[in-house]
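File shown here: data05.cif, holding mmCIF, N, CA and C atoms.
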data_target
#
loop_
_atom_site.label_atom_id
_atom_site.label_comp_id
_atom_site.auth_asym_id
_atom_site.auth_seq_id
_atom_site.Cartn_x
_atom_site.Cartn_y
_atom_site.Cartn_z
N ALA A 157 -125.43 35.81 -45.97
CA ALA A 157 -126.44 36.85 -46.02
C ALA A 157 -125.78 38.21 -46.19
N GLN A 158 -124.70 38.41 -45.52
CA GLN A 158 -123.99 39.68 -45.63
C GLN A 158 -123.49 39.88 -47.06
N LYS A 159 -123.01 38.83 -47.70
CA LYS A 159 -122.47 38.94 -49.06
C LYS A 159 -123.55 39.21 -50.10
N VAL A 160 -124.74 38.64 -49.94
CA VAL A 160 -125.79 38.85 -50.94
C VAL A 160 -126.52 40.16 -50.71
N GLY A 161 -126.41 40.72 -49.53
CA GLY A 161 -127.05 42.00 -49.23
C GLY A 161 -128.55 41.86 -49.07
N LEU A 162 -129.20 42.98 -48.89
CA LEU A 162 -130.63 42.96 -48.61
C LEU A 162 -131.49 42.64 -49.83
N ASN A 163 -130.89 42.65 -51.02
CA ASN A 163 -131.64 42.30 -52.23
C ASN A 163 -131.41 40.84 -52.65
N GLY A 164 -130.52 40.16 -51.97
CA GLY A 164 -130.23 38.77 -52.30
C GLY A 164 -131.10 37.82 -51.49
N ARG A 165 -130.79 36.54 -51.63
CA ARG A 165 -131.55 35.52 -50.93
C ARG A 165 -130.62 34.38 -50.55
N VAL A 166 -130.80 33.86 -49.35
CA VAL A 166 -130.03 32.72 -48.85
C VAL A 166 -131.02 31.68 -48.34
N TYR A 167 -130.80 30.45 -48.72
CA TYR A 167 -131.61 29.33 -48.23
C TYR A 167 -130.70 28.45 -47.39
N GLY A 168 -131.17 28.08 -46.20
CA GLY A 168 -130.39 27.21 -45.33
C GLY A 168 -131.18 25.96 -44.98
N PHE A 169 -130.51 24.83 -45.05
CA PHE A 169 -131.13 23.53 -44.76
C PHE A 169 -130.34 22.82 -43.68
N ASP A 170 -131.05 22.24 -42.72
CA ASP A 170 -130.41 21.37 -41.74
C ASP A 170 -131.47 20.42 -41.20
N ILE A 171 -131.04 19.21 -40.89
CA ILE A 171 -131.98 18.21 -40.39
C ILE A 171 -132.17 18.29 -38.88
N GLN A 172 -131.39 19.14 -38.23
CA GLN A 172 -131.47 19.26 -36.78
C GLN A 172 -132.08 20.59 -36.37
N GLU A 173 -133.14 20.51 -35.61
CA GLU A 173 -133.82 21.71 -35.13
C GLU A 173 -132.86 22.60 -34.34
N GLN A 174 -131.95 21.99 -33.59
CA GLN A 174 -130.96 22.72 -32.80
C GLN A 174 -130.13 23.64 -33.70
N ALA A 175 -129.71 23.16 -34.84
CA ALA A 175 -128.90 23.96 -35.77
C ALA A 175 -129.73 25.08 -36.38
N ILE A 176 -130.98 24.79 -36.72
CA ILE A 176 -131.86 25.80 -37.30
C ILE A 176 -132.12 26.92 -36.29
N ARG A 177 -132.39 26.55 -35.05
CA ARG A 177 -132.62 27.56 -34.00
C ARG A 177 -131.41 28.46 -33.81
N ALA A 178 -130.23 27.85 -33.74
CA ALA A 178 -129.00 28.64 -33.54
C ALA A 178 -128.77 29.58 -34.72
N ALA A 179 -128.98 29.07 -35.92
CA ALA A 179 -128.79 29.91 -37.12
C ALA A 179 -129.81 31.05 -37.14
N ALA A 180 -131.07 30.74 -36.83
CA ALA A 180 -132.12 31.76 -36.85
C ALA A 180 -131.81 32.88 -35.86
N GLU A 181 -131.30 32.50 -34.70
CA GLU A 181 -130.96 33.50 -33.68
C GLU A 181 -129.85 34.42 -34.18
N MET A 182 -128.81 33.83 -34.76
CA MET A 182 -127.69 34.62 -35.26
C MET A 182 -128.14 35.51 -36.42
N ILE A 183 -128.95 34.99 -37.30
CA ILE A 183 -129.45 35.75 -38.45
C ILE A 183 -130.29 36.94 -37.98
N SER A 184 -131.12 36.71 -36.99
CA SER A 184 -131.96 37.77 -36.43
C SER A 184 -131.10 38.86 -35.79
N GLU A 185 -130.09 38.44 -35.02
CA GLU A 185 -129.19 39.40 -34.37
C GLU A 185 -128.48 40.28 -35.38
N LYS A 186 -128.12 39.71 -36.52
CA LYS A 186 -127.39 40.44 -37.56
C LYS A 186 -128.31 41.24 -38.48
N GLY A 187 -129.63 41.04 -38.33
CA GLY A 187 -130.58 41.80 -39.13
C GLY A 187 -130.82 41.26 -40.53
N TYR A 188 -130.64 39.97 -40.73
CA TYR A 188 -130.80 39.38 -42.06
C TYR A 188 -132.01 38.46 -42.17
N SER A 189 -132.96 38.57 -41.27
CA SER A 189 -134.12 37.69 -41.30
C SER A 189 -134.93 37.80 -42.59
N SER A 190 -134.91 38.96 -43.22
CA SER A 190 -135.67 39.14 -44.46
C SER A 190 -134.97 38.52 -45.67
N VAL A 191 -133.70 38.19 -45.51
CA VAL A 191 -132.89 37.66 -46.62
C VAL A 191 -132.77 36.14 -46.56
N VAL A 192 -132.82 35.58 -45.36
CA VAL A 192 -132.54 34.16 -45.15
C VAL A 192 -133.82 33.38 -44.85
N GLN A 193 -133.97 32.26 -45.54
CA GLN A 193 -135.05 31.32 -45.24
C GLN A 193 -134.39 30.03 -44.79
N LEU A 194 -134.80 29.53 -43.63
CA LEU A 194 -134.25 28.30 -43.08
C LEU A 194 -135.29 27.20 -43.14
N PHE A 195 -134.84 26.00 -43.44
CA PHE A 195 -135.72 24.85 -43.56
C PHE A 195 -135.16 23.70 -42.73
N CYS A 196 -135.96 23.18 -41.83
CA CYS A 196 -135.54 22.04 -41.02
C CYS A 196 -135.89 20.77 -41.79
N THR A 197 -135.05 20.49 -42.76
CA THR A 197 -135.20 19.32 -43.62
C THR A 197 -133.85 19.04 -44.25
N GLY A 198 -133.71 17.88 -44.83
CA GLY A 198 -132.45 17.51 -45.45
C GLY A 198 -132.19 18.28 -46.73
N HIS A 199 -130.91 18.45 -47.06
CA HIS A 199 -130.54 19.18 -48.27
C HIS A 199 -131.02 18.49 -49.53
N GLU A 200 -131.34 17.19 -49.43
CA GLU A 200 -131.85 16.46 -50.60
C GLU A 200 -133.24 16.94 -51.02
N ASN A 201 -133.87 17.76 -50.18
CA ASN A 201 -135.19 18.33 -50.49
C ASN A 201 -135.09 19.72 -51.10
N LEU A 202 -133.91 20.09 -51.52
CA LEU A 202 -133.64 21.40 -52.10
C LEU A 202 -134.68 21.80 -53.15
N SER A 203 -134.98 20.92 -54.08
CA SER A 203 -135.87 21.29 -55.19
C SER A 203 -137.32 21.50 -54.74
N ASP A 204 -137.67 21.07 -53.52
CA ASP A 204 -139.01 21.34 -52.99
C ASP A 204 -139.15 22.80 -52.55
N TYR A 205 -138.01 23.49 -52.35
CA TYR A 205 -138.03 24.84 -51.79
C TYR A 205 -137.39 25.90 -52.69
N VAL A 206 -136.51 25.47 -53.59
CA VAL A 206 -135.77 26.41 -54.42
C VAL A 206 -135.96 26.05 -55.88
N SER A 207 -136.36 27.05 -56.68
CA SER A 207 -136.52 26.80 -58.12
C SER A 207 -135.83 27.88 -58.95
N GLU A 208 -135.34 28.92 -58.30
CA GLU A 208 -134.69 30.01 -59.02
C GLU A 208 -133.21 29.71 -59.24
N PRO A 209 -132.59 30.39 -60.19
CA PRO A 209 -131.15 30.19 -60.42
C PRO A 209 -130.33 30.54 -59.19
N ILE A 210 -129.25 29.80 -58.98
CA ILE A 210 -128.41 29.93 -57.79
C ILE A 210 -127.00 30.33 -58.20
N ASP A 211 -126.42 31.30 -57.48
CA ASP A 211 -125.03 31.70 -57.72
C ASP A 211 -124.04 30.75 -57.06
N ALA A 212 -124.39 30.28 -55.86
CA ALA A 212 -123.46 29.44 -55.11
C ALA A 212 -124.23 28.54 -54.15
N MET A 213 -123.64 27.40 -53.89
CA MET A 213 -124.16 26.45 -52.91
C MET A 213 -123.00 26.05 -52.01
N ILE A 214 -123.28 25.90 -50.73
CA ILE A 214 -122.26 25.46 -49.77
C ILE A 214 -122.82 24.27 -49.01
N PHE A 215 -122.07 23.19 -48.99
CA PHE A 215 -122.43 22.00 -48.23
C PHE A 215 -121.38 21.80 -47.15
N ASN A 216 -121.81 21.73 -45.90
CA ASN A 216 -120.93 21.42 -44.79
C ASN A 216 -121.39 20.06 -44.26
N LEU A 217 -120.71 19.02 -44.69
CA LEU A 217 -121.15 17.65 -44.42
C LEU A 217 -120.76 17.18 -43.02
N GLY A 218 -121.20 15.99 -42.70
CA GLY A 218 -120.85 15.39 -41.41
C GLY A 218 -121.95 15.56 -40.39
N TYR A 219 -121.54 15.92 -39.17
CA TYR A 219 -122.49 16.07 -38.08
C TYR A 219 -122.31 17.43 -37.42
N LEU A 220 -123.28 17.82 -36.63
CA LEU A 220 -123.25 19.09 -35.92
C LEU A 220 -122.28 18.98 -34.75
N PRO A 221 -121.22 19.79 -34.72
CA PRO A 221 -120.30 19.76 -33.59
C PRO A 221 -121.06 20.03 -32.29
N GLY A 222 -120.84 19.20 -31.31
CA GLY A 222 -121.54 19.33 -30.04
C GLY A 222 -122.92 18.69 -30.05
N GLY A 223 -123.34 18.21 -31.22
CA GLY A 223 -124.65 17.58 -31.35
C GLY A 223 -124.54 16.06 -31.35
N ASP A 224 -125.60 15.41 -31.74
CA ASP A 224 -125.66 13.96 -31.81
C ASP A 224 -124.86 13.48 -33.01
N HIS A 225 -123.77 12.76 -32.77
CA HIS A 225 -122.90 12.29 -33.84
C HIS A 225 -123.51 11.15 -34.64
N ASN A 226 -124.65 10.67 -34.22
CA ASN A 226 -125.36 9.65 -35.00
C ASN A 226 -126.22 10.28 -36.10
N ILE A 227 -126.43 11.58 -35.99
CA ILE A 227 -127.18 12.29 -37.02
C ILE A 227 -126.17 12.93 -37.96
N VAL A 228 -125.99 12.32 -39.11
CA VAL A 228 -124.97 12.75 -40.07
C VAL A 228 -125.57 12.86 -41.46
N THR A 229 -124.87 13.60 -42.31
CA THR A 229 -125.27 13.62 -43.71
C THR A 229 -124.98 12.25 -44.31
N ARG A 230 -125.74 11.88 -45.30
CA ARG A 230 -125.62 10.56 -45.93
C ARG A 230 -125.24 10.71 -47.39
N PRO A 231 -124.47 9.77 -47.93
CA PRO A 231 -124.02 9.89 -49.32
C PRO A 231 -125.17 10.05 -50.31
N GLU A 232 -126.21 9.26 -50.14
CA GLU A 232 -127.31 9.32 -51.10
C GLU A 232 -128.05 10.65 -51.05
N SER A 233 -128.21 11.23 -49.85
CA SER A 233 -128.90 12.52 -49.76
C SER A 233 -128.02 13.65 -50.29
N THR A 234 -126.72 13.55 -50.06
CA THR A 234 -125.81 14.58 -50.54
C THR A 234 -125.73 14.57 -52.05
N VAL A 235 -125.60 13.40 -52.65
CA VAL A 235 -125.55 13.29 -54.11
C VAL A 235 -126.86 13.78 -54.72
N LYS A 236 -127.98 13.42 -54.11
CA LYS A 236 -129.28 13.88 -54.61
C LYS A 236 -129.36 15.41 -54.56
N ALA A 237 -128.93 16.01 -53.46
CA ALA A 237 -128.97 17.46 -53.32
C ALA A 237 -128.10 18.15 -54.37
N ILE A 238 -126.91 17.65 -54.55
CA ILE A 238 -126.01 18.24 -55.55
C ILE A 238 -126.59 18.06 -56.95
N ASN A 239 -127.09 16.88 -57.22
CA ASN A 239 -127.68 16.59 -58.53
C ASN A 239 -128.87 17.50 -58.82
N GLU A 240 -129.66 17.82 -57.80
CA GLU A 240 -130.79 18.73 -57.97
C GLU A 240 -130.33 20.18 -58.08
N GLY A 241 -129.21 20.50 -57.46
CA GLY A 241 -128.70 21.87 -57.48
C GLY A 241 -127.95 22.22 -58.75
N LEU A 242 -127.33 21.25 -59.40
CA LEU A 242 -126.52 21.52 -60.59
C LEU A 242 -127.30 22.25 -61.69
N PRO A 243 -128.53 21.82 -62.02
CA PRO A 243 -129.26 22.54 -63.07
C PRO A 243 -129.67 23.97 -62.65
N LEU A 244 -129.76 24.22 -61.35
CA LEU A 244 -130.12 25.55 -60.86
C LEU A 244 -128.92 26.50 -60.84
N LEU A 245 -127.72 25.93 -60.85
CA LEU A 245 -126.50 26.72 -60.75
C LEU A 245 -126.33 27.59 -62.00
N LYS A 246 -126.14 28.89 -61.78
CA LYS A 246 -125.93 29.81 -62.90
C LYS A 246 -124.58 29.52 -63.56
N PRO A 247 -124.44 29.86 -64.84
CA PRO A 247 -123.11 29.76 -65.47
C PRO A 247 -122.09 30.56 -64.66
N GLY A 248 -120.96 29.96 -64.39
CA GLY A 248 -119.94 30.57 -63.54
C GLY A 248 -120.20 30.37 -62.06
N GLY A 249 -121.33 29.72 -61.74
CA GLY A 249 -121.69 29.46 -60.35
C GLY A 249 -120.79 28.41 -59.72
N LEU A 250 -120.80 28.36 -58.39
CA LEU A 250 -119.86 27.51 -57.66
C LEU A 250 -120.56 26.72 -56.57
N ILE A 251 -120.17 25.47 -56.43
CA ILE A 251 -120.60 24.65 -55.30
C ILE A 251 -119.34 24.37 -54.47
N CYS A 252 -119.42 24.63 -53.19
CA CYS A 252 -118.33 24.36 -52.25
C CYS A 252 -118.82 23.28 -51.29
N ILE A 253 -118.08 22.19 -51.21
CA ILE A 253 -118.47 21.06 -50.37
C ILE A 253 -117.35 20.79 -49.38
N VAL A 254 -117.65 20.90 -48.09
CA VAL A 254 -116.67 20.58 -47.05
C VAL A 254 -116.96 19.15 -46.60
N VAL A 255 -115.98 18.28 -46.82
CA VAL A 255 -116.12 16.84 -46.57
C VAL A 255 -115.33 16.48 -45.32
N TYR A 256 -115.94 15.68 -44.46
CA TYR A 256 -115.30 15.25 -43.21
C TYR A 256 -115.13 13.73 -43.21
N PRO A 257 -113.99 13.23 -43.70
CA PRO A 257 -113.80 11.78 -43.80
C PRO A 257 -113.30 11.13 -42.52
N GLY A 258 -113.20 11.88 -41.43
CA GLY A 258 -112.60 11.37 -40.19
C GLY A 258 -113.49 10.45 -39.37
N HIS A 259 -114.69 10.16 -39.84
CA HIS A 259 -115.56 9.21 -39.14
C HIS A 259 -116.07 8.19 -40.16
N ALA A 260 -116.60 7.08 -39.67
CA ALA A 260 -116.95 5.95 -40.56
C ALA A 260 -117.90 6.34 -41.68
N SER A 261 -118.98 7.02 -41.37
CA SER A 261 -119.92 7.38 -42.43
C SER A 261 -119.33 8.47 -43.32
N GLY A 262 -118.40 9.26 -42.80
CA GLY A 262 -117.72 10.28 -43.61
C GLY A 262 -116.86 9.66 -44.68
N GLN A 263 -116.24 8.53 -44.38
CA GLN A 263 -115.43 7.82 -45.38
C GLN A 263 -116.31 7.32 -46.52
N GLN A 264 -117.45 6.77 -46.17
CA GLN A 264 -118.37 6.28 -47.20
C GLN A 264 -118.89 7.44 -48.04
N GLU A 265 -119.26 8.53 -47.37
CA GLU A 265 -119.77 9.70 -48.09
C GLU A 265 -118.71 10.24 -49.04
N ARG A 266 -117.47 10.30 -48.58
CA ARG A 266 -116.36 10.76 -49.42
C ARG A 266 -116.25 9.93 -50.69
N GLN A 267 -116.27 8.61 -50.54
CA GLN A 267 -116.11 7.73 -51.69
C GLN A 267 -117.24 7.89 -52.70
N VAL A 268 -118.47 7.89 -52.21
CA VAL A 268 -119.63 8.01 -53.09
C VAL A 268 -119.63 9.38 -53.77
N LEU A 269 -119.36 10.42 -53.01
CA LEU A 269 -119.38 11.79 -53.53
C LEU A 269 -118.30 11.99 -54.59
N GLU A 270 -117.08 11.56 -54.31
CA GLU A 270 -116.01 11.74 -55.28
C GLU A 270 -116.27 10.95 -56.56
N THR A 271 -116.80 9.75 -56.44
CA THR A 271 -117.14 8.96 -57.63
C THR A 271 -118.19 9.69 -58.47
N PHE A 272 -119.22 10.21 -57.81
CA PHE A 272 -120.26 10.96 -58.52
C PHE A 272 -119.68 12.19 -59.22
N LEU A 273 -118.88 12.98 -58.51
CA LEU A 273 -118.35 14.22 -59.06
C LEU A 273 -117.34 13.98 -60.18
N GLN A 274 -116.60 12.88 -60.10
CA GLN A 274 -115.67 12.55 -61.18
C GLN A 274 -116.41 12.26 -62.48
N GLY A 275 -117.67 11.86 -62.37
CA GLY A 275 -118.46 11.54 -63.54
C GLY A 275 -119.16 12.73 -64.18
N LEU A 276 -119.03 13.93 -63.59
CA LEU A 276 -119.66 15.10 -64.18
C LEU A 276 -119.00 15.44 -65.52
N ASP A 277 -119.79 15.93 -66.45
CA ASP A 277 -119.30 16.29 -67.77
C ASP A 277 -118.24 17.39 -67.66
N LYS A 278 -117.02 17.07 -68.08
CA LYS A 278 -115.92 18.03 -67.94
C LYS A 278 -116.07 19.22 -68.87
N LYS A 279 -116.94 19.13 -69.86
CA LYS A 279 -117.21 20.27 -70.73
C LYS A 279 -118.14 21.28 -70.05
N GLU A 280 -118.88 20.81 -69.05
CA GLU A 280 -119.84 21.67 -68.36
C GLU A 280 -119.39 22.08 -66.96
N PHE A 281 -118.59 21.23 -66.31
CA PHE A 281 -118.19 21.49 -64.92
C PHE A 281 -116.70 21.27 -64.73
N CYS A 282 -116.11 22.10 -63.87
CA CYS A 282 -114.72 21.93 -63.45
C CYS A 282 -114.77 21.56 -61.97
N VAL A 283 -114.18 20.42 -61.62
CA VAL A 283 -114.23 19.93 -60.25
C VAL A 283 -112.81 19.86 -59.69
N GLY A 284 -112.60 20.50 -58.54
CA GLY A 284 -111.29 20.49 -57.91
C GLY A 284 -111.40 20.09 -56.45
N LYS A 285 -110.25 19.73 -55.89
CA LYS A 285 -110.20 19.26 -54.50
C LYS A 285 -109.04 19.95 -53.80
N LEU A 286 -109.31 20.52 -52.63
CA LEU A 286 -108.29 21.15 -51.80
C LEU A 286 -108.14 20.31 -50.54
N ASP A 287 -106.98 19.71 -50.37
CA ASP A 287 -106.77 18.77 -49.28
C ASP A 287 -105.52 19.17 -48.50
N PHE A 288 -105.42 18.72 -47.27
CA PHE A 288 -104.26 18.97 -46.43
C PHE A 288 -103.36 17.74 -46.50
N LEU A 289 -102.09 17.95 -46.77
CA LEU A 289 -101.16 16.83 -46.96
C LEU A 289 -100.49 16.39 -45.67
N ASN A 290 -100.46 17.23 -44.66
CA ASN A 290 -99.74 16.88 -43.44
C ASN A 290 -100.67 16.63 -42.25
N ARG A 291 -101.88 16.18 -42.53
CA ARG A 291 -102.84 15.85 -41.47
C ARG A 291 -103.45 14.49 -41.78
N GLU A 292 -103.90 13.81 -40.74
CA GLU A 292 -104.52 12.49 -40.92
C GLU A 292 -106.04 12.63 -40.95
N SER A 293 -106.65 12.24 -42.06
CA SER A 293 -108.11 12.30 -42.27
C SER A 293 -108.72 13.67 -41.97
N PRO A 294 -108.10 14.76 -42.48
CA PRO A 294 -108.65 16.09 -42.19
C PRO A 294 -109.87 16.38 -43.07
N PRO A 295 -110.68 17.35 -42.66
CA PRO A 295 -111.72 17.83 -43.58
C PRO A 295 -111.03 18.41 -44.81
N TYR A 296 -111.71 18.37 -45.94
CA TYR A 296 -111.18 18.97 -47.16
C TYR A 296 -112.33 19.55 -47.96
N VAL A 297 -111.98 20.31 -48.99
CA VAL A 297 -112.97 21.04 -49.77
C VAL A 297 -112.98 20.55 -51.21
N ILE A 298 -114.17 20.36 -51.74
CA ILE A 298 -114.36 20.09 -53.16
C ILE A 298 -115.09 21.29 -53.75
N LEU A 299 -114.60 21.79 -54.86
CA LEU A 299 -115.24 22.90 -55.55
C LEU A 299 -115.73 22.44 -56.91
N VAL A 300 -116.95 22.81 -57.24
CA VAL A 300 -117.54 22.49 -58.53
C VAL A 300 -117.95 23.81 -59.17
N GLU A 301 -117.35 24.12 -60.31
CA GLU A 301 -117.69 25.36 -61.02
C GLU A 301 -118.41 25.00 -62.31
N LYS A 302 -119.53 25.67 -62.52
CA LYS A 302 -120.28 25.48 -63.76
C LYS A 302 -119.69 26.41 -64.81
N GLY A 303 -119.42 25.87 -65.99
CA GLY A 303 -118.84 26.66 -67.06
C GLY A 303 -119.73 27.80 -67.51
N GLN A 304 -119.11 28.75 -68.17
CA GLN A 304 -119.83 29.91 -68.68
C GLN A 304 -120.63 29.48 -69.87
#

Take the structure from the file and write it as structure tokens.
Amino acid sequence: AQKVGLNGRVYGFDIQEQAIRAAAEMISEKGYSSVVQLFCTGHENLSDYVSEPIDAMIFNLGYLPGGDHNIVTRPESTVKAINEGLPLLKPGGLICIVVYPGHASGQQERQVLETFLQGLDKKEFCVGKLDFLNRESPPYVILVEKGQ
């Protein structure tokens, strides 16, 4: 919200009411309530709420730290969300995906997500991966840039 300023717009999605409440409180404290819209629904419902062109998307996968570890992002919902977001992404736009493979469903999500992203048209998208080499099953980042 700070980066887009008062003329920009930020959409936030989470399936846990606890996360939405915490985000809403922080956003209100910082004075960005007019810029941010929060939705207590899965990111796979992106196209139900957003239809305008997007400069950037950020996905923080896995589960809410300190929350219920049984409530996690799922490969099919993540792929659906990204697939719905790609056409909305402006030329030069970026998707940043933080992947957490350190738990069982995270491994499955990693495999499905990487297979999907490897299949993106290389003439339209550049996909990169930033990983840590000296850690065991660390979170890592995937970046997807839409060509100009």

For each of A:Ser207, A:Gln158, A:Asn163, A:Gln172, take the minimum atom-to-atom distance to His225 in chain A, counting only C-alpha atoms, then give the residue where this is smallest.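 Using only C-alpha atoms, His225 in chain A sits closest to A:Gln172.
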
Do you know which residues are at most 6 Å from Lys302 in chain A counting all atoms listed in the file, after dropping those on the same chain fewer than 2 positions away, and could you put them as a ChimeraX atom specification? /A:246-250,280-282,300,304

Just give me the gap between CA of Asn239 in chain A and CA of Arg177 in chain A in Å, one decimal is fine.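 Between CA of Asn239 in chain A and CA of Arg177 in chain A the gap is 27.3 Å.
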
Range 187-284 of chain A: residues DSSP assigns to helix (DSSP H, G or I), reported as a ChimeraX atom specification: /A:199-205,231-244,260-274

Box dimensions and centre (Å, one decimal) enclosing range 277-288 of chain A, axis-aligned, 4 Å extra per side, as JSON:
{"center_x": -111.6, "center_y": 19.0, "center_z": -58.6, "size_x": 24.5, "size_y": 14.2, "size_z": 32.3}

Evaluate the PyMOL selection byres ((chain A and resi 198-205) around 8) here and jot the selected residues down as a PDB file with N, CA and C atoms, in the coordinates of the input.
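And here's selection-v9.pdb as it stands now:
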ATOM      1  N   GLY A 168    -131.170  28.080 -46.200  1.00  0.00           N
ATOM      2  CA  GLY A 168    -130.390  27.210 -45.330  1.00  0.00           C
ATOM      3  C   GLY A 168    -131.180  25.960 -44.980  1.00  0.00           C
ATOM      4  N   PHE A 169    -130.510  24.830 -45.050  1.00  0.00           N
ATOM      5  CA  PHE A 169    -131.130  23.530 -44.760  1.00  0.00           C
ATOM      6  C   PHE A 169    -130.340  22.820 -43.680  1.00  0.00           C
ATOM      7  N   ASP A 170    -131.050  22.240 -42.720  1.00  0.00           N
ATOM      8  CA  ASP A 170    -130.410  21.370 -41.740  1.00  0.00           C
ATOM      9  C   ASP A 170    -131.470  20.420 -41.200  1.00  0.00           C
ATOM     10  N   ILE A 171    -131.040  19.210 -40.890  1.00  0.00           N
ATOM     11  CA  ILE A 171    -131.980  18.210 -40.390  1.00  0.00           C
ATOM     12  C   ILE A 171    -132.170  18.290 -38.880  1.00  0.00           C
ATOM     13  N   GLN A 172    -131.390  19.140 -38.230  1.00  0.00           N
ATOM     14  CA  GLN A 172    -131.470  19.260 -36.780  1.00  0.00           C
ATOM     15  C   GLN A 172    -132.080  20.590 -36.370  1.00  0.00           C
ATOM     16  N   PHE A 195    -134.840  26.000 -43.440  1.00  0.00           N
ATOM     17  CA  PHE A 195    -135.720  24.850 -43.560  1.00  0.00           C
ATOM     18  C   PHE A 195    -135.160  23.700 -42.730  1.00  0.00           C
ATOM     19  N   CYS A 196    -135.960  23.180 -41.830  1.00  0.00           N
ATOM     20  CA  CYS A 196    -135.540  22.040 -41.020  1.00  0.00           C
ATOM     21  C   CYS A 196    -135.890  20.770 -41.790  1.00  0.00           C
ATOM     22  N   THR A 197    -135.050  20.490 -42.760  1.00  0.00           N
ATOM     23  CA  THR A 197    -135.200  19.320 -43.620  1.00  0.00           C
ATOM     24  C   THR A 197    -133.850  19.040 -44.250  1.00  0.00           C
ATOM     25  N   VAL A 206    -136.510  25.470 -53.590  1.00  0.00           N
ATOM     26  CA  VAL A 206    -135.770  26.410 -54.420  1.00  0.00           C
ATOM     27  C   VAL A 206    -135.960  26.050 -55.880  1.00  0.00           C
ATOM     28  N   SER A 207    -136.360  27.050 -56.680  1.00  0.00           N
ATOM     29  CA  SER A 207    -136.520  26.800 -58.120  1.00  0.00           C
ATOM     30  C   SER A 207    -135.830  27.880 -58.950  1.00  0.00           C
ATOM     31  N   GLU A 208    -135.340  28.920 -58.300  1.00  0.00           N
ATOM     32  CA  GLU A 208    -134.690  30.010 -59.020  1.00  0.00           C
ATOM     33  C   GLU A 208    -133.210  29.710 -59.240  1.00  0.00           C
ATOM     34  N   GLU A 232    -126.210   9.260 -50.140  1.00  0.00           N
ATOM     35  CA  GLU A 232    -127.310   9.320 -51.100  1.00  0.00           C
ATOM     36  C   GLU A 232    -128.050  10.650 -51.050  1.00  0.00           C
ATOM     37  N   SER A 233    -128.210  11.230 -49.850  1.00  0.00           N
ATOM     38  CA  SER A 233    -128.900  12.520 -49.760  1.00  0.00           C
ATOM     39  C   SER A 233    -128.020  13.650 -50.290  1.00  0.00           C
ATOM     40  N   THR A 234    -126.720  13.550 -50.060  1.00  0.00           N
ATOM     41  CA  THR A 234    -125.810  14.580 -50.540  1.00  0.00           C
ATOM     42  C   THR A 234    -125.730  14.570 -52.050  1.00  0.00           C
ATOM     43  N   VAL A 235    -125.600  13.400 -52.650  1.00  0.00           N
ATOM     44  CA  VAL A 235    -125.550  13.290 -54.110  1.00  0.00           C
ATOM     45  C   VAL A 235    -126.860  13.780 -54.720  1.00  0.00           C
ATOM     46  N   LYS A 236    -127.980  13.420 -54.110  1.00  0.00           N
ATOM     47  CA  LYS A 236    -129.280  13.880 -54.610  1.00  0.00           C
ATOM     48  C   LYS A 236    -129.360  15.410 -54.560  1.00  0.00           C
ATOM     49  N   ALA A 237    -128.930  16.010 -53.460  1.00  0.00           N
ATOM     50  CA  ALA A 237    -128.970  17.460 -53.320  1.00  0.00           C
ATOM     51  C   ALA A 237    -128.100  18.150 -54.370  1.00  0.00           C
ATOM     52  N   ILE A 238    -126.910  17.650 -54.550  1.00  0.00           N
ATOM     53  CA  ILE A 238    -126.010  18.240 -55.550  1.00  0.00           C
ATOM     54  C   ILE A 238    -126.590  18.060 -56.950  1.00  0.00           C
ATOM     55  N   GLU A 240    -129.660  17.820 -57.800  1.00  0.00           N
ATOM     56  CA  GLU A 240    -130.790  18.730 -57.970  1.00  0.00           C
ATOM     57  C   GLU A 240    -130.330  20.180 -58.080  1.00  0.00           C
ATOM     58  N   GLY A 241    -129.210  20.500 -57.460  1.00  0.00           N
ATOM     59  CA  GLY A 241    -128.700  21.870 -57.480  1.00  0.00           C
ATOM     60  C   GLY A 241    -127.950  22.220 -58.750  1.00  0.00           C
TER      61      GLY A 241
END

Length of the atom N of Leu220 in chain A to atom C of Gln174 in chain A vector [Å]: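 Here the two named atoms are 9.5 Å from each other.
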
Do you have the CA of Val160 in chain A-CA of Ala178 in chain A distance handy?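 Spanning CA of Val160 in chain A to CA of Ala178 in chain A is a straight-line distance of 20.4 Å.
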